[in-house]
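J.: Here it is, the structure, as structure tokens.
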Amino acid sequence: MTRDYNPTQLLAYVAAGLLEDSSSVFVGTGLPMIASMLAQRTHAPNLLIIFEAGGIGPQVPVLPISVGDSRTFYRAVSASSMHDVMSASQSGYVDYGFLGAAQIDAYGNLNTTVIGEWERPTVRFPGSGGANDVGSLCWHTIIVMRQDPRRFVETLDFLTTPGYLDGPGARERAGLPAGTGPYRVITQLGLFDFEETTKRMRLLATHPGVSVADVQAATGFELLIPAEVQITEPPSRQVLDVMREIDPTGMVISK
Amino acid sequence: MDVLQAGQGKLIGWHDPDEHRAWVAEHKSRALNDKRTTLEAAVEAYVPDGALVACGGFGHIRVSMAAIYEIIRQRKQDLTLCGKTAVHDSDVLIGAGCANRIEVAYAFGHELRGLSPASRRAAETGRCEVVAEISNAGYQWRFSAAAMGLPFIPTRVMLGTDTLKHSSARVVEDPFTGKPITLLPACYPDVVLMHVHRCDKHGNAQIDGITIEDFELARAARRLIMTTEELIDNEMIRQAPQDTIIPYYLVDAVIEVPYGAHPTLMPGKYYFDEQHIGEWLRLSKTDEGVAEYMDRYVYGVDGFSAYLDLIGGEDQLEYLRQVEHLEAPLKAPWLEEKRK
């Protein structure tokens, strides 16, 4: 079946839809930037975009390569500092945070540090960066990543960024800000949330052409499947045009 | 106060605040001296082998590459790096064999461009030891604690994770709320390399755009080597004192190096040189390629202006200015490879 959008464009579109106008979002490199810029140019013109290096409230002209790029404070309300934006997150001003990861578990805990033993890793990834801060301090964390059984795992090789740790109440017991935690997970297969009583990942919707069985087969832990699963709405031609405007070189959306 | 959890990572850059105060009293002059010098002399004086080094800026933004190249040229050894969103700086310093230890908030990656072949290879083969993990805000606040002259700073990050387990932080019960809270130890780098838009000969410095964590890092530094796009008169500082991000008494050396952040981005002046970064990413896939890069761009050139000629001279620098101002399209070899 041919479509006029690719999986990355679908992911960005679904992610953008989660961001309401006049909310604040802490944005990382890549797909989160596309999603936030798309939201700002469509349904959420007053989306307050925040970058970890200090860009606050920019009107991003074109996709930045880095979260410290000059584009991250283009026509911004403030060109500030990491201390300022991280403090704002710690004080409760940031509604959404976007994260990616190499591995995720059923509670939304994330690994971006190593595959294998920490002391002598098979693969060394960049580490926390701002991920632990975003996952600790923002009200709602949205995770965007590829889904397969090596990435959706029962046990992480390393717990870089807190999700719900080992279940209900664990974040608060650990001392993390009350009422925070993973909110949605978006993959090339579907959209997920976390069930209230167990804090375990639950399928909310599959993307067009993806079956529930496909999603289960790509998950290395027991996924909660409700009786009714929605199907996500694909991006319109108009939305795809906006995405190409945001990322004219296809840096992120080409795949 | 009971320690609920102690991170197992190595504690680096920490000093008892009284010890630091005594060090400052003895070594940091409050005289309004002329601190202009050469890169060669500054690196010789303030970057001993084995030093703990931190770079101002962020990732590929406003990094004092001129100072980094000089460190490589002088073949400094056994440096430990503050991996505070250390991207290009740490990649070349580890690749060149100057640094063999790093505390990691973010390293071994080039953001959208992909992972760093050279430093990642070093980490995976044990040539570069990761001494501890931390988060970006965590590192920033280690510098905040040092800048405030405190032994530690309380925060609510890293709790409940392996990042904390492998950090040098401790968790205690907060005496006010009764909840667990993370205490991050202060970090005083032995030397900080920083590139700014303009400063006077004493080191009073202005930065355009985001300051990232340079306000705190400059105040945490024991020695601060400052390279600047432009040297300005002290009178210009005094006409706009609200623009001074870093006052002179924090600064040990001032070197005027136009384009001194190349190939990283200098806000308002020049964009990332993606062609040059792409060349590094391509060559650094092998140790031989790293050696080739260093021979061509560091050991084989006589000073920074010769380096600028080599990367394309005025035409390339004008092009980077245009990209920064959204007047020219971005050219990036790694992007073409990605599109294939």
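Letters A, B, ... go to the chains of the structure tokens in the order shown; residues in each chain start at 1; ligands are counted from 1 in the same order.
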Taking only C-alpha atoms into account, what are the residues of chain A at most 7 Å from chain B, put as a PyMOL selection string?
T.: chain A and resi 29-30+53-55+65-66+68-70+79-83+86+120-130+132-133+136+158-162+174-176+251+254
J.: Which of these, A:Gly100, A:Glu228, A:Leu223, A:Met145, has the shortest distance to Pro7 of chain A once you count only C-alpha atoms?
T.: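 Smallest separation from Pro7 of chain A among the options: A:Met145.
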J.: Taking only segment 44-119 of chain A into account, list the residues labelled strand (DSSP E) by DSSP (computed from the backbone), as a list of chain:residue names.
T.: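 Everything in segment 44-119 of chain A that counts as strand (DSSP E) is A:Leu48, A:Ile49, A:Ile50, A:Phe51, A:Gly55, A:Ile56, A:Ser78, A:Ala79, A:Tyr96, A:Gly97, A:Phe98, A:Leu99, A:Gln103, A:Ile104, A:Leu110, A:Asn111, A:Val114, A:Ile115, A:Gly116.
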J.: Output C-alpha atoms for every residue in that selection, as a tab-separated table (two decimals), in the first residue's frame.
T.:
chain	number	residue	atom	x	y	z
A	48	LEU	CA	5.58	28.15	24.45
A	49	ILE	CA	8.63	26.29	23.13
A	50	ILE	CA	11.58	25.95	25.52
A	51	PHE	CA	15.07	24.72	24.66
A	55	GLY	CA	15.92	29.62	24.11
A	56	ILE	CA	12.46	30.59	25.44
A	78	SER	CA	14.03	35.49	25.93
A	79	ALA	CA	17.54	34.25	25.16
A	96	TYR	CA	5.32	18.76	28.31
A	97	GLY	CA	8.74	17.32	27.71
A	98	PHE	CA	9.73	15.33	24.64
A	99	LEU	CA	12.18	12.46	24.86
A	103	GLN	CA	15.27	1.37	25.27
A	104	ILE	CA	12.00	1.73	27.17
A	110	LEU	CA	14.27	5.10	29.53
A	111	ASN	CA	17.83	4.14	28.62
A	114	VAL	CA	24.69	2.05	27.43
A	115	ILE	CA	23.90	-1.35	25.96
A	116	GLY	CA	25.69	-4.00	27.98
J.: Name all residues at most 7 Å from Phe152 of chain B (count only C-alpha atoms; drop same-chain ones fewer than 3 positions away) and give them as a PyMOL selection string.
T.: chain B and resi 145+183-186
J.: Report the residues of segment 127-189 of chain A whose backbone DSSP state falls under alpha helix (DSSP H), written as a ChimeraX atom specification.
T.: /A:131-137,170-174
J.: In terms of the shortest atom-to-atom distance over only C-alpha atoms, which of A:Thr42, A:Leu156, A:Val27, A:Val144 is closest to Trp118 of chain A?
T.: A:Leu156
J.: Just the residues within 8 Å of segment 63-76 of chain B, please, counting only C-alpha atoms, with nothing from its chain fewer than 5 positions along; format it as a PyMOL selection string.
T.: chain B and resi 39-40+43-44+47-49+55-58+89+93+96+98+193-195+227+257+260-265+298-299+304
J.: Output the selection as a PDB file, in the first residue's frame - N, CA and C atoms for each residue.
T.:
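File produced: out-v2.pdb:
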ATOM      1  N   LEU B  39      47.625  32.279  22.555  1.00  0.00           N
ATOM      2  CA  LEU B  39      47.031  30.977  22.861  1.00  0.00           C
ATOM      3  C   LEU B  39      48.093  30.035  23.402  1.00  0.00           C
ATOM      4  N   GLU B  40      49.244  30.099  22.760  1.00  0.00           N
ATOM      5  CA  GLU B  40      50.347  29.223  23.133  1.00  0.00           C
ATOM      6  C   GLU B  40      50.730  29.418  24.605  1.00  0.00           C
ATOM      7  N   VAL B  43      47.764  28.374  27.129  1.00  0.00           N
ATOM      8  CA  VAL B  43      47.613  26.923  27.301  1.00  0.00           C
ATOM      9  C   VAL B  43      48.807  26.369  28.095  1.00  0.00           C
ATOM     10  N   GLU B  44      49.989  26.876  27.784  1.00  0.00           N
ATOM     11  CA  GLU B  44      51.181  26.440  28.531  1.00  0.00           C
ATOM     12  C   GLU B  44      51.045  26.741  30.021  1.00  0.00           C
ATOM     13  N   VAL B  47      46.991  25.003  31.383  1.00  0.00           N
ATOM     14  CA  VAL B  47      46.461  23.658  31.106  1.00  0.00           C
ATOM     15  C   VAL B  47      47.555  22.615  31.359  1.00  0.00           C
ATOM     16  N   PRO B  48      47.814  22.274  32.630  1.00  0.00           N
ATOM     17  CA  PRO B  48      48.812  21.238  32.882  1.00  0.00           C
ATOM     18  C   PRO B  48      48.260  19.853  32.506  1.00  0.00           C
ATOM     19  N   ASP B  49      49.147  18.928  32.210  1.00  0.00           N
ATOM     20  CA  ASP B  49      48.719  17.541  31.999  1.00  0.00           C
ATOM     21  C   ASP B  49      47.906  17.104  33.208  1.00  0.00           C
ATOM     22  N   CYS B  55      34.588  23.194  28.812  1.00  0.00           N
ATOM     23  CA  CYS B  55      34.488  24.159  27.727  1.00  0.00           C
ATOM     24  C   CYS B  55      33.184  24.925  27.846  1.00  0.00           C
ATOM     25  N   GLY B  56      33.258  26.230  27.626  1.00  0.00           N
ATOM     26  CA  GLY B  56      32.046  27.039  27.576  1.00  0.00           C
ATOM     27  C   GLY B  56      31.262  26.706  26.320  1.00  0.00           C
ATOM     28  N   GLY B  57      30.091  27.320  26.187  1.00  0.00           N
ATOM     29  CA  GLY B  57      29.252  27.016  25.046  1.00  0.00           C
ATOM     30  C   GLY B  57      28.488  25.730  25.284  1.00  0.00           C
ATOM     31  N   PHE B  58      28.165  25.047  24.195  1.00  0.00           N
ATOM     32  CA  PHE B  58      27.240  23.921  24.311  1.00  0.00           C
ATOM     33  C   PHE B  58      27.307  23.125  23.018  1.00  0.00           C
ATOM     34  N   ASP B  89      33.982  19.347  21.102  1.00  0.00           N
ATOM     35  CA  ASP B  89      35.168  19.583  21.944  1.00  0.00           C
ATOM     36  C   ASP B  89      35.720  18.268  22.497  1.00  0.00           C
ATOM     37  N   LEU B  93      39.194  16.162  21.465  1.00  0.00           N
ATOM     38  CA  LEU B  93      40.215  16.025  22.531  1.00  0.00           C
ATOM     39  C   LEU B  93      40.445  14.557  22.891  1.00  0.00           C
ATOM     40  N   ALA B  96      42.137  12.925  19.764  1.00  0.00           N
ATOM     41  CA  ALA B  96      43.553  13.288  19.646  1.00  0.00           C
ATOM     42  C   ALA B  96      44.413  12.620  20.727  1.00  0.00           C
ATOM     43  N   CYS B  98      44.367  13.436  23.936  1.00  0.00           N
ATOM     44  CA  CYS B  98      44.699  14.372  25.021  1.00  0.00           C
ATOM     45  C   CYS B  98      43.915  14.055  26.295  1.00  0.00           C
ATOM     46  N   LEU B 193      37.774  26.802  29.104  1.00  0.00           N
ATOM     47  CA  LEU B 193      38.053  27.471  27.837  1.00  0.00           C
ATOM     48  C   LEU B 193      36.745  28.074  27.361  1.00  0.00           C
ATOM     49  N   MET B 194      36.742  29.360  27.061  1.00  0.00           N
ATOM     50  CA  MET B 194      35.475  29.993  26.704  1.00  0.00           C
ATOM     51  C   MET B 194      35.664  30.970  25.561  1.00  0.00           C
ATOM     52  N   HIS B 195      34.718  30.964  24.618  1.00  0.00           N
ATOM     53  CA  HIS B 195      34.767  31.905  23.503  1.00  0.00           C
ATOM     54  C   HIS B 195      33.585  32.864  23.612  1.00  0.00           C
ATOM     55  N   THR B 227      38.859  33.310  24.806  1.00  0.00           N
ATOM     56  CA  THR B 227      39.112  33.782  23.446  1.00  0.00           C
ATOM     57  C   THR B 227      37.916  34.635  23.052  1.00  0.00           C
ATOM     58  N   VAL B 257      40.677  36.108  18.941  1.00  0.00           N
ATOM     59  CA  VAL B 257      40.726  35.129  17.853  1.00  0.00           C
ATOM     60  C   VAL B 257      39.420  35.209  17.049  1.00  0.00           C
ATOM     61  N   GLY B 260      37.160  32.175  16.193  1.00  0.00           N
ATOM     62  CA  GLY B 260      37.797  31.199  17.088  1.00  0.00           C
ATOM     63  C   GLY B 260      36.913  30.034  17.489  1.00  0.00           C
ATOM     64  N   ALA B 261      35.613  30.091  17.156  1.00  0.00           N
ATOM     65  CA  ALA B 261      34.723  28.976  17.483  1.00  0.00           C
ATOM     66  C   ALA B 261      34.545  28.023  16.299  1.00  0.00           C
ATOM     67  N   HIS B 262      35.079  28.368  15.139  1.00  0.00           N
ATOM     68  CA  HIS B 262      34.912  27.511  13.961  1.00  0.00           C
ATOM     69  C   HIS B 262      35.437  26.098  14.224  1.00  0.00           C
ATOM     70  N   PRO B 263      34.754  25.023  13.852  1.00  0.00           N
ATOM     71  CA  PRO B 263      33.552  24.938  13.007  1.00  0.00           C
ATOM     72  C   PRO B 263      32.237  24.979  13.792  1.00  0.00           C
ATOM     73  N   THR B 264      32.285  25.417  15.074  1.00  0.00           N
ATOM     74  CA  THR B 264      31.030  25.496  15.822  1.00  0.00           C
ATOM     75  C   THR B 264      30.359  26.849  15.530  1.00  0.00           C
ATOM     76  N   LEU B 265      29.143  26.975  16.014  1.00  0.00           N
ATOM     77  CA  LEU B 265      28.314  28.151  15.675  1.00  0.00           C
ATOM     78  C   LEU B 265      28.586  29.315  16.624  1.00  0.00           C
ATOM     79  N   VAL B 298      45.590  20.619  12.555  1.00  0.00           N
ATOM     80  CA  VAL B 298      46.140  21.072  13.834  1.00  0.00           C
ATOM     81  C   VAL B 298      47.675  21.118  13.787  1.00  0.00           C
ATOM     82  N   TYR B 299      48.306  19.943  13.698  1.00  0.00           N
ATOM     83  CA  TYR B 299      49.782  19.922  13.749  1.00  0.00           C
ATOM     84  C   TYR B 299      50.390  20.611  12.527  1.00  0.00           C
ATOM     85  N   PHE B 304      46.045  30.058  13.966  1.00  0.00           N
ATOM     86  CA  PHE B 304      44.620  29.955  13.659  1.00  0.00           C
ATOM     87  C   PHE B 304      44.256  30.576  12.315  1.00  0.00           C
TER      88      PHE B 304
END
J.: Quick check, in Å to one decimal: how far apart do atom CA of Gly278 of chain B and atom CA of Glu318 of chain B lie?
T.: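 Straight-line distance from atom CA of Gly278 of chain B to atom CA of Glu318 of chain B works out to 18.8 Å.
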J.: What does the distance from atom CA of Asn109 of chain A to atom CA of Leu47 of chain A come to in Å, to one decimal?
T.: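 A separation of 26.6 Å between them.
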J.: Would you kindly return, as a list in words, each protein, DNA or RNA residue with an atom no farther than 6 Å from any atom of Tyr183 of chain A, considering only C-alpha atoms and excluding same-chain residues fewer than 2 positions away?
T.: His140, Thr141, Ile142 and Asp193 of chain A
J.: Taking 6 positions as the minimum chain separation for residues in the same chain, which residues sit within 6 Å of Thr206 of chain A when counting only C-alpha atoms? Answer as number ranges by chain.
T.: A: 189-190, 231
J.: Quick one: distance from atom CA of Ser24 of chain A to atom CA of Ala178 of chain A in Å, one decimal?
T.: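 Calculated distance between atom CA of Ser24 of chain A and atom CA of Ala178 of chain A is 18.3 Å.
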J.: If we count only C-alpha atoms, what is near Ala45 of chain B at a cut-off of 12 Å, once residues fewer than 5 positions away on the same chain are taken out, given as a PyMOL selection string?
T.: chain B and resi 37-40+51+71+74+190-191+223-225+252-253
